[in-house]
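Enquirer: So that you have it, the file is model-v1.cif, and it contains mmCIF, C-alpha atoms:
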data_my_file
loop_
_atom_site.group_PDB
_atom_site.id
_atom_site.type_symbol
_atom_site.label_atom_id
_atom_site.label_comp_id
_atom_site.auth_asym_id
_atom_site.auth_seq_id
_atom_site.Cartn_x
_atom_site.Cartn_y
_atom_site.Cartn_z
ATOM 1 C CA MET S 1 95.081 115.933 94.558
ATOM 2 C CA ASP S 2 92.692 118.903 94.510
ATOM 3 C CA THR S 3 91.052 117.417 91.407
ATOM 4 C CA VAL S 4 90.513 114.172 93.294
ATOM 5 C CA VAL S 5 89.007 115.929 96.333
ATOM 6 C CA THR S 6 86.697 118.096 94.235
ATOM 7 C CA ARG S 7 85.496 115.145 92.205
ATOM 8 C CA PHE S 8 84.843 112.903 95.201
ATOM 9 C CA ASP S 9 83.095 115.689 97.089
ATOM 10 C CA ALA S 10 80.715 115.988 94.142
ATOM 11 C CA MET S 11 80.014 112.272 93.869
ATOM 12 C CA ALA S 12 79.852 111.401 97.585
ATOM 13 C CA PRO S 13 76.083 110.704 97.883
ATOM 14 C CA GLU S 14 76.051 108.608 94.694
ATOM 15 C CA TYR S 15 79.213 106.800 95.787
ATOM 16 C CA ALA S 16 77.627 105.824 99.101
ATOM 17 C CA ALA S 17 74.664 104.331 97.244
ATOM 18 C CA GLY S 18 76.694 102.679 94.485
ATOM 19 C CA GLN S 19 80.382 101.772 94.557
ATOM 20 C CA ALA S 20 80.712 101.770 98.352
ATOM 21 C CA ARG S 21 77.741 99.425 98.690
ATOM 22 C CA ARG S 22 79.488 96.979 96.368
ATOM 23 C CA LEU S 23 82.590 96.759 98.556
ATOM 24 C CA ALA S 24 83.039 93.127 99.576
ATOM 25 C CA GLY S 25 83.065 93.593 103.343
ATOM 26 C CA GLU S 26 83.569 89.906 104.085
ATOM 27 C CA ARG S 27 86.449 89.792 101.612
ATOM 28 C CA LEU S 28 88.079 92.749 103.353
ATOM 29 C CA LEU S 29 87.614 91.159 106.779
ATOM 30 C CA ALA S 30 89.199 87.927 105.574
ATOM 31 C CA ALA S 31 92.195 89.775 104.160
ATOM 32 C CA ALA S 32 92.723 92.098 107.144
ATOM 33 C CA ASP S 33 91.798 89.515 109.791
ATOM 34 C CA PRO S 34 91.825 92.028 112.682
ATOM 35 C CA GLY S 35 92.052 90.780 116.257
ATOM 36 C CA PRO S 36 89.964 92.149 119.137
ATOM 37 C CA GLY S 37 92.864 94.242 120.431
ATOM 38 C CA ASP S 38 94.054 95.588 117.081
ATOM 39 C CA ARG S 39 94.284 99.179 115.914
ATOM 40 C CA VAL S 40 93.309 99.397 112.241
ATOM 41 C CA LEU S 41 93.762 102.261 109.784
ATOM 42 C CA ASP S 42 91.531 102.490 106.714
ATOM 43 C CA VAL S 43 93.265 104.802 104.222
ATOM 44 C CA ALA S 44 91.017 106.693 101.769
ATOM 45 C CA THR S 45 88.012 105.394 103.649
ATOM 46 C CA GLY S 46 85.579 107.238 101.366
ATOM 47 C CA THR S 47 82.043 106.827 102.654
ATOM 48 C CA GLY S 48 83.256 104.429 105.347
ATOM 49 C CA ALA S 49 82.061 101.053 104.088
ATOM 50 C CA GLY S 50 85.405 99.384 104.786
ATOM 51 C CA ALA S 51 85.879 101.033 108.179
ATOM 52 C CA LEU S 52 82.393 99.968 109.260
ATOM 53 C CA ALA S 53 83.029 96.395 108.131
ATOM 54 C CA LEU S 54 86.161 96.304 110.291
ATOM 55 C CA ALA S 55 84.765 98.161 113.300
ATOM 56 C CA ASP S 56 83.063 95.177 114.945
ATOM 57 C CA ARG S 57 86.251 93.119 114.970
ATOM 58 C CA ALA S 58 88.981 95.526 116.133
ATOM 59 C CA ALA S 59 89.661 97.589 119.250
ATOM 60 C CA LEU S 60 89.941 100.784 117.206
ATOM 61 C CA VAL S 61 89.332 101.603 113.546
ATOM 62 C CA VAL S 62 90.462 104.959 112.170
ATOM 63 C CA GLY S 63 89.321 106.015 108.719
ATOM 64 C CA ILE S 64 91.003 108.903 106.910
ATOM 65 C CA ASP S 65 90.060 110.682 103.699
ATOM 66 C CA ALA S 66 90.909 113.978 102.034
ATOM 67 C CA SER S 67 87.324 114.588 100.886
ATOM 68 C CA PRO S 68 84.977 116.364 103.336
ATOM 69 C CA GLY S 69 81.998 115.200 101.291
ATOM 70 C CA MET S 70 82.996 111.566 101.559
ATOM 71 C CA LEU S 71 83.596 111.883 105.298
ATOM 72 C CA ALA S 72 80.175 113.479 105.778
ATOM 73 C CA GLU S 73 78.607 110.406 104.171
ATOM 74 C CA ALA S 74 80.805 108.127 106.310
ATOM 75 C CA ARG S 75 79.682 109.878 109.497
ATOM 76 C CA ARG S 76 76.070 109.564 108.391
ATOM 77 C CA ALA S 77 76.523 105.844 107.781
ATOM 78 C CA SER S 78 78.203 105.436 111.194
ATOM 79 C CA THR S 79 75.351 106.997 113.127
ATOM 80 C CA GLY S 80 73.933 104.470 115.563
ATOM 81 C CA HIS S 81 76.719 101.948 115.012
ATOM 82 C CA PRO S 82 77.671 100.353 118.368
ATOM 83 C CA ARG S 83 81.404 100.805 117.683
ATOM 84 C CA PRO S 84 81.753 103.584 115.108
ATOM 85 C CA PRO S 85 85.147 104.204 113.509
ATOM 86 C CA LEU S 86 87.046 107.397 114.229
ATOM 87 C CA LEU S 87 86.850 109.438 111.005
ATOM 88 C CA LEU S 88 89.445 112.112 110.252
ATOM 89 C CA ARG S 89 90.227 114.374 107.342
ATOM 90 C CA ALA S 90 93.837 113.776 106.308
ATOM 91 C CA ARG S 91 95.953 113.213 103.232
ATOM 92 C CA VAL S 92 97.766 109.922 102.929
ATOM 93 C CA GLU S 93 100.949 111.719 101.857
ATOM 94 C CA GLU S 94 101.268 113.278 105.324
ATOM 95 C CA MET S 95 99.239 111.332 107.847
ATOM 96 C CA PRO S 96 99.037 112.794 111.383
ATOM 97 C CA PHE S 97 100.151 109.595 113.124
ATOM 98 C CA LEU S 98 103.336 108.484 114.832
ATOM 99 C CA ASP S 99 105.469 105.728 113.356
ATOM 100 C CA ALA S 100 104.182 102.203 114.026
ATOM 101 C CA SER S 101 100.790 103.433 115.288
ATOM 102 C CA PHE S 102 98.670 100.650 113.767
ATOM 103 C CA ASP S 103 98.564 96.867 113.770
ATOM 104 C CA THR S 104 96.847 96.757 110.386
ATOM 105 C CA VAL S 105 96.642 99.211 107.494
ATOM 106 C CA VAL S 106 94.124 98.719 104.687
ATOM 107 C CA CYS S 107 93.486 100.680 101.509
ATOM 108 C CA THR S 108 90.837 99.675 98.985
ATOM 109 C CA ARG S 109 90.284 100.951 95.445
ATOM 110 C CA ALA S 110 92.144 104.241 95.845
ATOM 111 C CA LEU S 111 95.734 103.725 94.699
ATOM 112 C CA HIS S 112 94.977 104.503 91.048
ATOM 113 C CA HIS S 113 94.031 108.077 92.027
ATOM 114 C CA TRP S 114 97.442 108.976 93.481
ATOM 115 C CA ARG S 115 100.092 110.571 91.284
ATOM 116 C CA ASP S 116 102.930 109.259 93.485
ATOM 117 C CA PRO S 117 101.980 105.748 94.613
ATOM 118 C CA ASP S 118 105.491 105.092 95.961
ATOM 119 C CA ALA S 119 105.168 107.976 98.427
ATOM 120 C CA THR S 120 101.700 106.919 99.548
ATOM 121 C CA VAL S 121 102.666 103.294 100.161
ATOM 122 C CA SER S 122 105.813 104.482 101.965
ATOM 123 C CA GLU S 123 103.668 106.583 104.311
ATOM 124 C CA MET S 124 101.316 103.660 104.958
ATOM 125 C CA GLU S 125 104.342 101.480 105.747
ATOM 126 C CA ARG S 126 105.621 104.137 108.169
ATOM 127 C CA VAL S 127 102.538 104.047 110.391
ATOM 128 C CA LEU S 128 102.360 100.224 110.427
ATOM 129 C CA ARG S 129 104.050 98.452 113.327
ATOM 130 C CA PRO S 130 106.742 95.835 112.647
ATOM 131 C CA GLY S 131 105.003 92.522 112.005
ATOM 132 C CA GLY S 132 101.772 94.355 111.161
ATOM 133 C CA ARG S 133 99.434 93.406 108.328
ATOM 134 C CA PHE S 134 99.017 95.440 105.155
ATOM 135 C CA VAL S 135 96.075 95.034 102.758
ATOM 136 C CA LEU S 136 95.926 96.845 99.430
ATOM 137 C CA ALA S 137 93.085 96.267 96.980
ATOM 138 C CA ASP S 138 93.059 98.084 93.671
ATOM 139 C CA ASN S 139 92.091 97.828 90.036
ATOM 140 C CA LEU S 140 94.582 96.050 87.789
ATOM 141 C CA THR S 141 95.629 96.654 84.207
ATOM 142 C CA TYR S 142 97.388 94.577 81.556
ATOM 143 C CA GLU S 143 101.035 93.574 81.650
ATOM 144 C CA ASP S 144 101.395 94.465 77.960
ATOM 145 C CA GLY S 145 102.522 98.100 77.882
ATOM 146 C CA ARG S 146 100.420 99.209 74.903
ATOM 147 C CA LEU S 147 97.255 97.647 76.309
ATOM 148 C CA ALA S 148 97.945 99.229 79.721
ATOM 149 C CA ARG S 149 98.449 102.682 78.189
ATOM 150 C CA GLU S 150 95.155 102.495 76.302
ATOM 151 C CA HIS S 151 93.393 101.174 79.403
ATOM 152 C CA ASN S 152 94.617 104.126 81.465
ATOM 153 C CA ARG S 153 93.763 106.531 78.632
ATOM 154 C CA ILE S 154 90.090 105.563 78.635
ATOM 155 C CA GLU S 155 89.980 105.574 82.441
ATOM 156 C CA ARG S 156 91.241 109.178 82.455
ATOM 157 C CA LEU S 157 88.671 110.132 79.822
ATOM 158 C CA ARG S 158 85.974 108.693 82.068
ATOM 159 C CA ASP S 159 87.349 110.205 85.291
ATOM 160 C CA PRO S 160 89.870 113.106 85.298
ATOM 161 C CA SER S 161 90.924 112.191 88.852
ATOM 162 C CA HIS S 162 92.343 108.873 87.602
ATOM 163 C CA ALA S 163 96.156 108.745 87.720
ATOM 164 C CA ARG S 164 97.282 105.233 86.725
ATOM 165 C CA THR S 165 96.143 101.677 87.217
ATOM 166 C CA LEU S 166 99.024 99.239 87.747
ATOM 167 C CA SER S 167 99.490 95.687 86.530
ATOM 168 C CA GLU S 168 99.730 92.851 89.051
ATOM 169 C CA PRO S 169 103.569 92.666 88.864
ATOM 170 C CA GLU S 170 103.807 96.460 89.244
ATOM 171 C CA LEU S 171 101.564 96.377 92.300
ATOM 172 C CA ARG S 172 103.680 93.662 93.905
ATOM 173 C CA SER S 173 106.942 95.488 93.105
ATOM 174 C CA LEU S 174 105.581 98.768 94.476
ATOM 175 C CA VAL S 175 104.827 97.191 97.846
ATOM 176 C CA GLU S 176 108.044 95.171 98.046
ATOM 177 C CA ALA S 177 110.085 98.312 97.291
ATOM 178 C CA GLN S 178 108.828 99.769 100.590
ATOM 179 C CA GLY S 179 110.171 96.823 102.590
ATOM 180 C CA LEU S 180 106.855 94.998 102.949
ATOM 181 C CA ALA S 181 106.877 91.233 102.486
ATOM 182 C CA VAL S 182 104.076 90.250 100.099
ATOM 183 C CA GLU S 183 102.202 87.145 101.244
ATOM 184 C CA SER S 184 99.614 86.849 98.482
ATOM 185 C CA VAL S 185 97.966 88.578 95.536
ATOM 186 C CA GLU S 186 94.515 87.303 94.678
ATOM 187 C CA VAL S 187 92.757 88.559 91.554
ATOM 188 C CA GLU S 188 89.015 88.875 91.054
ATOM 189 C CA GLU S 189 87.733 89.316 87.524
ATOM 190 C CA ARG S 190 84.268 90.023 86.160
ATOM 191 C CA LEU S 191 82.482 91.751 83.320
ATOM 192 C CA ARG S 192 81.176 95.153 84.356
ATOM 193 C CA PRO S 193 78.464 96.935 82.318
ATOM 194 C CA VAL S 194 79.855 100.019 80.599
ATOM 195 C CA ALA S 195 76.789 102.026 81.655
ATOM 196 C CA GLU S 196 77.521 101.258 85.341
ATOM 197 C CA TRP S 197 81.207 102.100 84.844
ATOM 198 C CA LEU S 198 80.292 105.520 83.422
ATOM 199 C CA ASP S 199 77.593 106.241 85.997
ATOM 200 C CA ASP S 200 79.889 105.447 88.938
ATOM 201 C CA ALA S 201 82.298 108.187 87.823
ATOM 202 C CA LEU S 202 79.524 110.699 87.044
ATOM 203 C CA ALA S 203 81.024 110.935 83.550
ATOM 204 C CA ASP S 204 79.777 114.072 81.804
ATOM 205 C CA PRO S 205 78.123 114.034 78.342
ATOM 206 C CA THR S 206 81.330 115.124 76.584
ATOM 207 C CA ALA S 207 83.312 112.293 78.160
ATOM 208 C CA ARG S 208 80.566 109.781 77.366
ATOM 209 C CA ARG S 209 80.504 110.777 73.696
ATOM 210 C CA ALA S 210 84.291 110.631 73.437
ATOM 211 C CA LEU S 211 84.358 107.189 75.030
ATOM 212 C CA ASP S 212 81.491 105.891 72.897
ATOM 213 C CA GLU S 213 83.370 106.963 69.775
ATOM 214 C CA ARG S 214 86.691 105.543 70.973
ATOM 215 C CA ILE S 215 85.191 102.203 71.987
ATOM 216 C CA ALA S 216 83.116 101.844 68.800
ATOM 217 C CA GLY S 217 86.106 102.724 66.626
ATOM 218 C CA GLY S 218 88.436 100.350 68.450
ATOM 219 C CA ARG S 219 86.002 97.454 68.218
ATOM 220 C CA ALA S 220 85.255 98.156 64.549
ATOM 221 C CA ARG S 221 88.926 97.891 63.603
ATOM 222 C CA ALA S 222 89.433 94.845 65.876
ATOM 223 C CA ASP S 223 92.098 96.619 67.926
ATOM 224 C CA GLN S 224 93.614 94.158 70.409
ATOM 225 C CA PHE S 225 92.845 96.247 73.479
ATOM 226 C CA TYR S 226 89.194 96.810 72.595
ATOM 227 C CA ALA S 227 88.769 93.189 71.546
ATOM 228 C CA GLU S 228 90.125 91.987 74.898
ATOM 229 C CA HIS S 229 88.681 94.643 77.182
ATOM 230 C CA PHE S 230 85.087 94.799 75.931
ATOM 231 C CA ALA S 231 82.405 92.202 75.290
ATOM 232 C CA GLU S 232 78.807 92.430 74.132
ATOM 233 C CA SER S 233 76.154 90.036 75.449
ATOM 234 C CA PRO S 234 73.552 88.420 73.154
ATOM 235 C CA ASP S 235 71.007 90.986 74.364
ATOM 236 C CA GLY S 236 73.278 93.880 73.402
ATOM 237 C CA VAL S 237 74.701 94.912 76.794
ATOM 238 C CA LEU S 238 78.275 96.166 76.408
ATOM 239 C CA SER S 239 80.593 95.284 79.313
ATOM 240 C CA LEU S 240 84.251 95.728 80.103
ATOM 241 C CA ARG S 241 86.793 93.466 81.740
ATOM 242 C CA TYR S 242 87.236 94.515 85.379
ATOM 243 C CA ARG S 243 90.079 93.061 87.450
ATOM 244 C CA LEU S 244 90.627 93.777 91.146
ATOM 245 C CA GLY S 245 93.763 92.651 92.957
ATOM 246 C CA TRP S 246 93.809 91.909 96.692
ATOM 247 C CA LEU S 247 97.380 92.119 97.994
ATOM 248 C CA THR S 248 98.299 91.166 101.546
ATOM 249 C CA ALA S 249 101.721 91.769 103.081
ATOM 250 C CA ARG S 250 103.572 92.021 106.385
ATOM 251 C CA LYS S 251 105.945 94.649 107.636
ATOM 252 C CA THR S 252 109.159 92.882 108.452
ATOM 253 C CA ASP S 253 110.357 93.080 112.045
ATOM 254 C CA ALA S 254 112.777 95.912 112.800
#
With the file now loaded, output its structure as structure tokens.
Expert:
Amino acid sequence: MDTVVTRFDAMAPEYAAGQARRLAGERLLAAADPGPGDRVLDVATGTGAGALALADRAALVVGIDASPGMLAEARRASTGHPRPPLLLRARVEEMPFLDASFDTVVCTRALHHWRDPDATVSEMERVLRPGGRFVLADNLTYEDGRLAREHNRIERLRDPSHARTLSEPELRSLVEAQGLAVESVEVEERLRPVAEWLDDALADPTARRALDERIAGGRARADQFYAEHFAESPDGVLSLRYRLGWLTARKTDA
């Protein structure tokens, strides 16, 4: 986890201007659907884009993150907001909240950084009230094991804080194993320019060279993963297949 914190501290200003800005706030609001009296927890809030999107609709929004740098950017973004979220430094593995403290728990694009996703989802389930809503959005990988392993290999080359991206069935099983009833899993897919993908992670020159060589070699030998995962436009822009899963669930009544 220290690697994750150090890396996100370093990239916080760029993250606020890049990845956080691309968070689909309306999509998050539709999935979470908070009521005016609801207490909402945004886990791994980062620079606060999700918490701010939710703040106008709920009675209380709490955003937690382990990175001081990310929280500093979130507080900056919250300045002047009529109903700013409460932002706290905390690790998801040991959140400082009582059981059943929140009506809704959301977590977007963070699960693939945690080494023990079962423990983190279990802790999120703990602080959610019975009948409460759970929203988990994260990157998805392939169901084929070899393709998934190569996908995660290049993601770790790009970003050392990456742990593992799950497939859609794995994501569903992970949540169901914690006693949450999955209502839906919706998948968004698009082509993402490789240059943007590298820039978002502040990939260093060594990592960029290694990835360039691995991608070029895989495409040259028509390897199945590289043939499926990468595409080049007529004007020469290389992109990769990016899939994001939006899972919604309910905590069953006690």
Enquirer: If I put a ball of radius 8 Å at (93.5, 103.4, 96.7) in the file's coordinates, which residues poke into it when counting all atoms listed in the file, written as a list in words?
Expert: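 Selection result: Val43, Ala44, Cys107, Thr108, Arg109, Ala110, Leu111, His112, His113, Trp114, Leu136, Ala137 and Asp138 of chain S.
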Enquirer: Tell me which of S:Ala31, S:Ala49, S:Ala90, S:Leu147 sits closest to S:Pro68, counting only C-alpha atoms.
Expert: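 Looking at the shortest contact to S:Pro68, the residue is S:Ala90.
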Enquirer: Might you pull out every residue within 9 Å of stretch 219-232 of chain S, with all atoms listed in the file counted and same-chain residues fewer than 2 positions away left off, and present them as a tab-separated table (two decimals) with C-alpha atoms, keeping the file's coordinate frame?
Expert:
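Once everything was written out, this is result26.tsv:
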chain	number	residue	atom	x	y	z
S	146	ARG	CA	100.42	99.21	74.90
S	147	LEU	CA	97.26	97.65	76.31
S	148	ALA	CA	97.94	99.23	79.72
S	150	GLU	CA	95.16	102.50	76.30
S	151	HIS	CA	93.39	101.17	79.40
S	191	LEU	CA	82.48	91.75	83.32
S	194	VAL	CA	79.86	100.02	80.60
S	214	ARG	CA	86.69	105.54	70.97
S	215	ILE	CA	85.19	102.20	71.99
S	216	ALA	CA	83.12	101.84	68.80
S	217	GLY	CA	86.11	102.72	66.63
S	234	PRO	CA	73.55	88.42	73.15
S	235	ASP	CA	71.01	90.99	74.36
S	236	GLY	CA	73.28	93.88	73.40
S	237	VAL	CA	74.70	94.91	76.79
S	238	LEU	CA	78.28	96.17	76.41
S	239	SER	CA	80.59	95.28	79.31
S	240	LEU	CA	84.25	95.73	80.10
S	241	ARG	CA	86.79	93.47	81.74
S	242	TYR	CA	87.24	94.52	85.38
Enquirer: So what does the PyMOL selection byres ((chain S and resi 160-168) around 7) actually pick up in this one, as a list in words?
Expert: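 That selection, the PyMOL selection byres ((chain S and resi 160-168) around 7), comes back as Thr3, Val4, His112, His113, Trp114, Arg115, Asn139, Leu140, Thr141, Tyr142, Glu143, Asn152, Glu155, Arg156, Leu157, Arg158, Asp159, Pro169, Glu170, Leu171 and Arg172 of chain S.
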Enquirer: So what do you get for atom CA of S:Ala51 versus atom CA of S:Arg243, distance-wise?
Expert: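 One can read the atom CA of S:Ala51 to atom CA of S:Arg243 distance as 22.6 Å.
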Enquirer: So, with all atoms listed in the file as the atoms that count, which of S:Lys251, S:Arg57, S:Arg91, S:Arg75 lies closest to S:Pro34?
Expert: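 Closest to S:Pro34, using all atoms listed in the file: S:Arg57.
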Enquirer: Atom CA of S:Ser184 and atom CA of S:Thr104 are how many Å apart?
Expert: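 Separation of atom CA of S:Ser184 and atom CA of S:Thr104: 15.7 Å.
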Enquirer: Report, in Å with one decimal, the straight-line distance from atom CA of S:Ser173 to atom CA of S:Glu93.
Expert: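 Between these atoms lies a distance of 19.4 Å.
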Enquirer: Might you pull out every residue within 8 Å of S:Leu60, with all atoms listed in the file counted and same-chain residues fewer than 2 positions away left off, and present them as a PDB file with C-alpha atoms, in the frame of the given file?
Expert:
ATOM      1  CA  GLY S  37      92.864  94.242 120.431  1.00  0.00           C
ATOM      2  CA  ASP S  38      94.054  95.588 117.081  1.00  0.00           C
ATOM      3  CA  ARG S  39      94.284  99.179 115.914  1.00  0.00           C
ATOM      4  CA  VAL S  40      93.309  99.397 112.241  1.00  0.00           C
ATOM      5  CA  ALA S  55      84.765  98.161 113.300  1.00  0.00           C
ATOM      6  CA  ALA S  58      88.981  95.526 116.133  1.00  0.00           C
ATOM      7  CA  VAL S  62      90.462 104.959 112.170  1.00  0.00           C
ATOM      8  CA  PRO S  85      85.147 104.204 113.509  1.00  0.00           C
ATOM      9  CA  LEU S  86      87.046 107.397 114.229  1.00  0.00           C
TER      10      LEU S  86
END
Enquirer: Between S:Leu174, S:Ile64, S:Ala203, S:Val187, which one has atoms that come closest to S:Val121, using all atoms listed in the file?
Expert: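 Between S:Leu174, S:Ile64, S:Ala203, S:Val187, the residue approaching S:Val121 most closely is S:Leu174.
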Enquirer: Between S:Thr47, S:Ser233, S:Ser101, S:Thr206, which has the minimum distance to S:Arg76 (counting all atoms listed in the file)?
Expert: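 For S:Arg76, the nearest of the candidates is S:Thr47.
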Enquirer: Find the residues around S:Gly63 up to 6 Å (only C-alpha atoms counted), leave out those fewer than 6 positions away in its own chain, and share them as an mmCIF file with C-alpha atoms, in the frame of the given file.
Expert:
data_model
loop_
_atom_site.group_PDB
_atom_site.id
_atom_site.type_symbol
_atom_site.label_atom_id
_atom_site.label_comp_id
_atom_site.auth_asym_id
_atom_site.auth_seq_id
_atom_site.Cartn_x
_atom_site.Cartn_y
_atom_site.Cartn_z
ATOM 1 C CA LEU S 41 93.762 102.261 109.784
ATOM 2 C CA ASP S 42 91.531 102.490 106.714
ATOM 3 C CA THR S 45 88.012 105.394 103.649
ATOM 4 C CA LEU S 87 86.850 109.438 111.005
#
Enquirer: Given the PyMOL selection byres ((chain S and resi 252) around 12) and the file above, list the residues it selects as an MDAnalysis selection string.
Expert: chainID S and resid 100 125:126 128:134 176 178:183 249:251 253:254
